[in-house]
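Trainee: Dropping in start21.txt, which is compact mmCIF, C-alpha atoms:
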```
# COMPACT_ATOMS: atom_id res chain seq x y z
CA ARG A 1354 15.29 23.22 -0.79
CA MET A 1355 18.40 22.24 -2.67
CA GLY A 1356 20.49 23.12 0.39
CA GLN A 1357 18.37 20.85 2.57
CA ALA A 1358 18.95 17.90 0.23
CA GLU A 1359 22.69 18.64 0.16
CA ASP A 1360 22.81 18.80 3.97
CA LEU A 1361 20.89 15.53 4.30
CA VAL A 1362 23.19 13.77 1.88
CA GLU A 1363 26.34 15.08 3.56
CA GLU A 1364 25.02 14.27 7.07
CA ASN A 1365 24.53 10.66 6.04
CA GLY A 1366 27.99 10.36 4.54
CA ALA A 1367 27.00 10.01 0.89
CA ALA A 1368 29.14 11.58 -1.78
CA VAL A 1369 27.99 14.89 -3.21
CA ASP A 1370 29.39 16.28 -6.45
CA LYS A 1371 28.95 20.06 -6.49
CA GLU A 1372 30.86 20.63 -9.71
CA ASP A 1373 29.77 19.72 -13.22
CA ASP A 1374 33.12 20.70 -14.80
CA ASP A 1375 34.39 17.16 -15.32
CA GLU A 1376 31.41 15.84 -17.29
CA SER A 1377 32.00 13.55 -20.22
CA GLU A 1378 30.09 13.77 -23.49
CA ASP A 1379 27.25 11.61 -22.12
CA GLY A 1380 26.64 14.08 -19.24
CA THR A 1381 28.20 11.97 -16.52
CA ASP A 1382 31.51 12.37 -14.76
CA GLY A 1383 32.16 8.65 -14.61
CA SER A 1384 32.00 8.53 -10.81
CA ASN A 1385 29.35 7.13 -8.52
CA ALA A 1386 28.93 10.45 -6.71
CA CYS A 1387 25.47 11.98 -6.35
CA LYS A 1388 24.62 15.33 -7.86
CA ILE A 1389 23.18 18.00 -5.56
CA GLY A 1390 19.51 17.35 -4.93
CA GLU A 1391 19.78 13.62 -5.51
CA ILE A 1392 19.76 11.50 -2.41
CA CYS A 1393 21.61 8.26 -2.89
CA MET A 1394 22.86 6.50 0.17
CA THR A 1395 24.15 3.02 -0.42
CA GLY A 1396 26.46 0.52 1.12
CA GLU A 1397 27.47 1.20 4.70
CA ASN A 1398 26.05 4.75 4.50
CA PHE A 1399 22.51 3.49 3.90
CA ASP A 1400 20.20 3.66 6.91
CA PRO A 1401 16.99 1.64 6.45
CA LYS A 1402 15.50 3.37 9.51
CA SER A 1403 15.27 6.58 7.48
CA LEU A 1404 12.89 4.85 5.08
CA ALA A 1405 10.66 3.45 7.83
CA SER A 1406 9.40 6.94 8.67
CA ASN A 1407 8.15 7.45 5.10
CA PRO A 1408 5.07 5.28 4.37
CA PHE A 1409 5.39 6.13 0.66
CA ALA A 1410 9.02 5.02 0.27
CA PHE A 1411 8.20 1.45 -0.72
CA PRO A 1412 5.61 -1.27 -0.05
CA ILE A 1413 6.19 -3.25 3.12
CA GLY A 1414 5.75 -7.00 3.05
CA VAL A 1415 6.27 -9.64 5.70
CA TRP A 1416 6.46 -13.19 4.36
CA SER A 1417 5.00 -14.92 7.36
CA SER A 1418 1.96 -17.09 7.79
CA PRO A 1419 -0.27 -15.26 7.16
CA GLU A 1420 1.54 -12.69 5.03
CA ALA A 1421 1.12 -9.03 5.93
CA SER A 1422 1.74 -5.96 3.78
CA TYR A 1423 0.92 -2.29 3.56
CA TYR A 1424 1.59 0.84 1.58
CA GLY A 1425 0.69 4.42 2.39
CA LEU A 1426 -1.02 5.82 5.44
CA SER A 1427 -3.01 4.21 8.22
CA SER A 1428 -6.23 5.76 9.53
CA GLN A 1429 -4.36 7.00 12.58
CA GLN A 1430 -1.67 8.66 10.45
CA CYS A 1431 -4.38 10.34 8.37
CA GLN A 1432 -6.05 11.68 11.49
CA GLU A 1433 -2.73 12.99 12.81
CA MET A 1434 -2.33 14.85 9.49
CA GLY A 1435 -5.82 16.33 9.74
CA ILE A 1436 -7.34 14.07 7.08
CA ASP A 1437 -10.83 12.75 7.83
CA ALA A 1438 -10.15 9.12 6.93
CA GLY A 1439 -12.52 6.26 6.35
CA GLU A 1440 -11.91 2.57 5.87
CA GLY A 1441 -13.31 -0.03 3.55
CA VAL A 1442 -12.61 -3.63 4.57
CA ALA A 1443 -12.97 -6.83 2.57
CA LEU A 1444 -12.55 -10.29 4.04
CA TYR A 1445 -10.88 -12.97 1.97
CA SER A 1446 -13.97 -15.09 2.54
CA GLU A 1447 -16.07 -12.47 0.70
CA CYS A 1448 -14.36 -13.12 -2.64
CA LEU A 1449 -14.66 -16.35 -4.59
CA ARG A 1450 -10.95 -17.23 -4.57
CA GLY A 1451 -10.69 -16.57 -0.86
CA LEU A 1452 -13.76 -18.63 -0.10
CA VAL A 1453 -12.47 -21.60 -2.08
CA PHE A 1454 -8.74 -21.51 -1.40
CA SER A 1455 -7.85 -19.35 1.59
CA PRO A 1456 -10.69 -17.71 3.50
CA ASN A 1457 -8.66 -16.23 6.36
CA GLY A 1458 -7.47 -12.67 5.84
CA LEU A 1459 -8.54 -9.15 4.99
CA LEU A 1460 -7.78 -6.16 2.80
CA LYS A 1461 -8.36 -2.61 4.03
CA LEU A 1462 -8.47 0.59 1.98
CA VAL A 1463 -7.87 3.82 3.90
CA PHE A 1464 -9.35 6.82 2.10
CA ASP A 1465 -10.00 10.53 2.47
CA LYS A 1466 -13.73 10.85 3.17
CA GLU A 1467 -13.90 14.27 1.52
CA THR A 1468 -12.32 13.35 -1.81
CA GLY A 1469 -12.48 9.54 -1.83
CA GLN A 1470 -8.74 9.42 -2.56
CA ILE A 1471 -7.11 6.19 -1.41
CA MET A 1472 -4.41 7.04 1.14
CA GLY A 1473 -3.25 3.56 2.15
CA VAL A 1474 -3.75 -0.17 1.65
CA HIS A 1475 -3.27 -2.85 4.33
CA ILE A 1476 -3.49 -6.59 3.69
CA CYS A 1477 -3.16 -9.65 5.90
CA GLY A 1478 -3.56 -13.09 4.31
CA ASP A 1479 -2.31 -15.28 1.49
CA ASP A 1480 -0.44 -13.44 -1.29
CA ALA A 1481 -0.59 -10.14 0.62
CA CYS A 1482 2.95 -9.31 -0.50
CA GLU A 1483 1.89 -9.76 -4.13
CA LEU A 1484 -1.44 -7.94 -3.82
CA ILE A 1485 0.07 -4.83 -2.24
CA HIS A 1486 1.64 -3.70 -5.51
CA TYR A 1487 -1.76 -2.96 -7.04
CA GLY A 1488 -2.66 -1.07 -3.86
CA MET A 1489 0.58 0.90 -4.13
CA GLU A 1490 -0.35 1.90 -7.65
CA LEU A 1491 -3.79 3.06 -6.47
CA VAL A 1492 -2.17 5.28 -3.82
CA LYS A 1493 0.60 6.63 -6.05
CA ALA A 1494 -1.83 7.41 -8.88
CA GLU A 1495 -4.16 9.17 -6.41
CA ARG A 1496 -7.05 6.89 -7.35
CA THR A 1497 -10.36 7.15 -5.55
CA ILE A 1498 -12.88 4.71 -4.17
CA GLU A 1499 -15.06 5.55 -7.18
CA ASP A 1500 -12.21 4.61 -9.55
CA VAL A 1501 -11.98 1.19 -7.92
CA LEU A 1502 -15.75 0.71 -8.10
CA THR A 1503 -15.82 1.44 -11.83
CA ASN A 1504 -13.09 -1.12 -12.59
CA LEU A 1505 -13.80 -4.73 -13.43
CA TYR A 1506 -11.96 -7.44 -11.48
CA SER A 1507 -11.83 -11.12 -12.33
CA ALA A 1508 -14.01 -13.18 -10.01
CA VAL A 1509 -11.46 -15.83 -9.19
CA THR A 1510 -8.64 -13.53 -8.10
CA PHE A 1511 -7.83 -11.94 -4.77
CA HIS A 1512 -7.89 -8.57 -6.58
CA GLU A 1513 -11.68 -8.78 -6.39
CA MET A 1514 -11.24 -7.76 -2.74
CA TYR A 1515 -10.25 -4.23 -3.81
CA ARG A 1516 -13.73 -3.74 -5.26
CA ILE A 1517 -15.38 -5.37 -2.22
CA ALA A 1518 -13.43 -3.02 0.08
CA ALA A 1519 -14.46 -0.03 -2.06
CA LEU A 1520 -18.10 -1.13 -1.81
CA ALA A 1521 -17.64 -1.37 1.96
CA ALA A 1522 -16.34 2.21 1.96
CA GLU A 1523 -19.49 3.35 0.16
CA ASP A 1524 -21.89 1.33 2.34
CA PRO A 1525 -20.35 0.57 5.76
CA VAL A 1526 -23.58 -0.75 7.30
CA GLY A 1527 -24.23 -3.17 4.44
CA ALA A 1528 -20.57 -4.19 4.48
CA ARG A 1529 -20.72 -5.11 8.18
CA LYS A 1530 -23.76 -7.31 7.47
CA ARG A 1531 -21.99 -8.99 4.54
CA ARG A 1532 -18.84 -9.59 6.60
CA ALA A 1533 -20.90 -11.03 9.47
CA ALA A 1534 -22.68 -13.37 7.07
CA ALA A 1535 -19.38 -14.41 5.47
CA GLY A 1536 -17.89 -15.03 8.91
CA LYS A 1537 -20.84 -17.17 10.01
CA ALA A 1538 -20.67 -19.19 6.79
CA LEU A 1539 -16.95 -19.73 7.32
CA VAL A 1540 -17.48 -20.93 10.90
CA ARG A 1541 -20.16 -23.37 9.70
CA ARG A 1542 -17.85 -24.60 6.95
CA ASN A 1543 -14.94 -25.09 9.35
CA ARG A 1544 -17.17 -27.07 11.70
CA GLY A 1545 -18.39 -29.28 8.86
CA ASP A 1546 -21.96 -27.99 9.16
CA THR A 1547 -23.50 -27.89 5.67
CA SER A 1548 -26.94 -26.64 6.71
```
Here is the file; what I need is its structure written in the form of structure tokens.
Mentor:
Amino acid sequence: RMGQAEDLVEENGAAVDKEDDDESEDGTDGSNACKIGEICMTGENFDPKSLASNPFAFPIGVWSSPEASYYGLSSQQCQEMGIDAGEGVALYSECLRGLVFSPNGLLKLVFDKETGQIMGVHICGDDACELIHYGMELVKAERTIEDVLTNLYSAVTFHEMYRIAALAAEDPVGARKRRAAAGKALVRRNRGDTS
């Protein structure tokens, strides 16, 4: 494995320091060279395309209107890896803050149906690029749908959608009914119909 890391680093033009003879008292050699096994490609040697193929490298955020962000795997990626994936979806209009301030958007949790482990988080709507960091932590910490359901979320935050999405994962039929009702209420509201 160490050889593979060395080859990858050398192929991409990053410096590799194979000798530890010139170390100072603090354990460094004073250079910016990488030690074997460490991958550090910076400056003109850095290729952002190499990171795009790794959905766990960093959270992706697009500051557009609406914002879009994701971290981890999609349902399709899970299926390609042989993971039986499910989805739990929450609409912004299902949480109090979304209903009052910004009802257009959704949050989706992708999870392993067998274990409940959250494999990915996808968000489209206001503050998506802020909200994704909590989703990243759920994925990195290997949290489950049950973990999310047992947490308490403030009612007037978009983070409440994580719990709503987890509830949707547990009860997909009920979730579809709730989303349909929220959608109808939003349409009535947008039309000015208060009945």
Trainee: Find the residue from A:Gly1451, A:Gly1473, A:Pro1408, A:Gly1458 that sits nearest to Thr1510 (chain A); use only C-alpha atoms when measuring.
Mentor: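 Distance minimum relative to Thr1510 (chain A) lands on A:Gly1451.
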Trainee: How many Å separate CA of Ala1538 (chain A) from CA of Leu1462 (chain A)?
Mentor: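 Separation of CA of Ala1538 (chain A) and CA of Leu1462 (chain A): 23.7 Å.
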Trainee: Every residue with an atom at most 12 Å from (-6.5, -18.5, 6.3) (file coordinates; only C-alpha atoms) is what I'm after, so could you write them as a PDB file with C-alpha atoms, keeping the file's coordinate frame?
Mentor:
```
ATOM      1  CA  SER A1418       1.960 -17.090   7.790  1.00  0.00           C
ATOM      2  CA  PRO A1419      -0.270 -15.260   7.160  1.00  0.00           C
ATOM      3  CA  GLU A1420       1.540 -12.690   5.030  1.00  0.00           C
ATOM      4  CA  LEU A1444     -12.550 -10.290   4.040  1.00  0.00           C
ATOM      5  CA  TYR A1445     -10.880 -12.970   1.970  1.00  0.00           C
ATOM      6  CA  SER A1446     -13.970 -15.090   2.540  1.00  0.00           C
ATOM      7  CA  ARG A1450     -10.950 -17.230  -4.570  1.00  0.00           C
ATOM      8  CA  GLY A1451     -10.690 -16.570  -0.860  1.00  0.00           C
ATOM      9  CA  LEU A1452     -13.760 -18.630  -0.100  1.00  0.00           C
ATOM     10  CA  VAL A1453     -12.470 -21.600  -2.080  1.00  0.00           C
ATOM     11  CA  PHE A1454      -8.740 -21.510  -1.400  1.00  0.00           C
ATOM     12  CA  SER A1455      -7.850 -19.350   1.590  1.00  0.00           C
ATOM     13  CA  PRO A1456     -10.690 -17.710   3.500  1.00  0.00           C
ATOM     14  CA  ASN A1457      -8.660 -16.230   6.360  1.00  0.00           C
ATOM     15  CA  GLY A1458      -7.470 -12.670   5.840  1.00  0.00           C
ATOM     16  CA  LEU A1459      -8.540  -9.150   4.990  1.00  0.00           C
ATOM     17  CA  CYS A1477      -3.160  -9.650   5.900  1.00  0.00           C
ATOM     18  CA  GLY A1478      -3.560 -13.090   4.310  1.00  0.00           C
ATOM     19  CA  ASP A1479      -2.310 -15.280   1.490  1.00  0.00           C
ATOM     20  CA  ASP A1480      -0.440 -13.440  -1.290  1.00  0.00           C
ATOM     21  CA  ALA A1481      -0.590 -10.140   0.620  1.00  0.00           C
ATOM     22  CA  LEU A1539     -16.950 -19.730   7.320  1.00  0.00           C
ATOM     23  CA  ASN A1543     -14.940 -25.090   9.350  1.00  0.00           C
TER      24      ASN A1543
END
```
Trainee: I'd like the interatomic distance between CA of Gly1527 (chain A) and CA of Phe1464 (chain A), to a tenth of an Å.
Mentor: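 Those two atoms sit 18.1 Å apart.
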Trainee: Find the residues around Glu1523 (chain A) up to 9 Å (all atoms listed in the file counted), leave out those fewer than 5 positions away in its own chain, and share them as a VMD selection string.
Mentor: chain A and resid 1441 1498 to 1499 1518 1528
Trainee: What does the distance between CA of Thr1497 (chain A) and CA of Val1415 (chain A) come to in Å, to one decimal place?
Mentor: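 Those two atoms sit 26.2 Å apart.
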Trainee: Quick one: residues within 12 Å of Ala1494 (chain A), all atoms listed in the file counted, chain neighbours fewer than 5 positions away excluded, as a PyMOL selection string?
Mentor: chain A and resi 1425+1470-1473+1487-1489+1500-1501
Trainee: Report as a VMD selection string all protein, DNA and RNA residues lying within 7 Å of region 1535-1537 of chain A, evaluated on all atoms listed in the file, omitting residues in the same chain fewer than 4 positions from it.
Mentor: chain A and resid 1446 to 1447 1531 1541
Trainee: Just checking: using only C-alpha atoms, which residue out of A:Lys1461, A:His1486, A:His1475, A:Lys1466 ends up closest to Phe1411 (chain A)?
Mentor: A:His1486
Trainee: Got a sec: who's within 8 Å of Ile1517 (chain A), counting only C-alpha atoms, leaving out chain neighbours fewer than 5 positions off, as a ChimeraX atom specification?
Mentor: /A:1442-1443,1447-1448
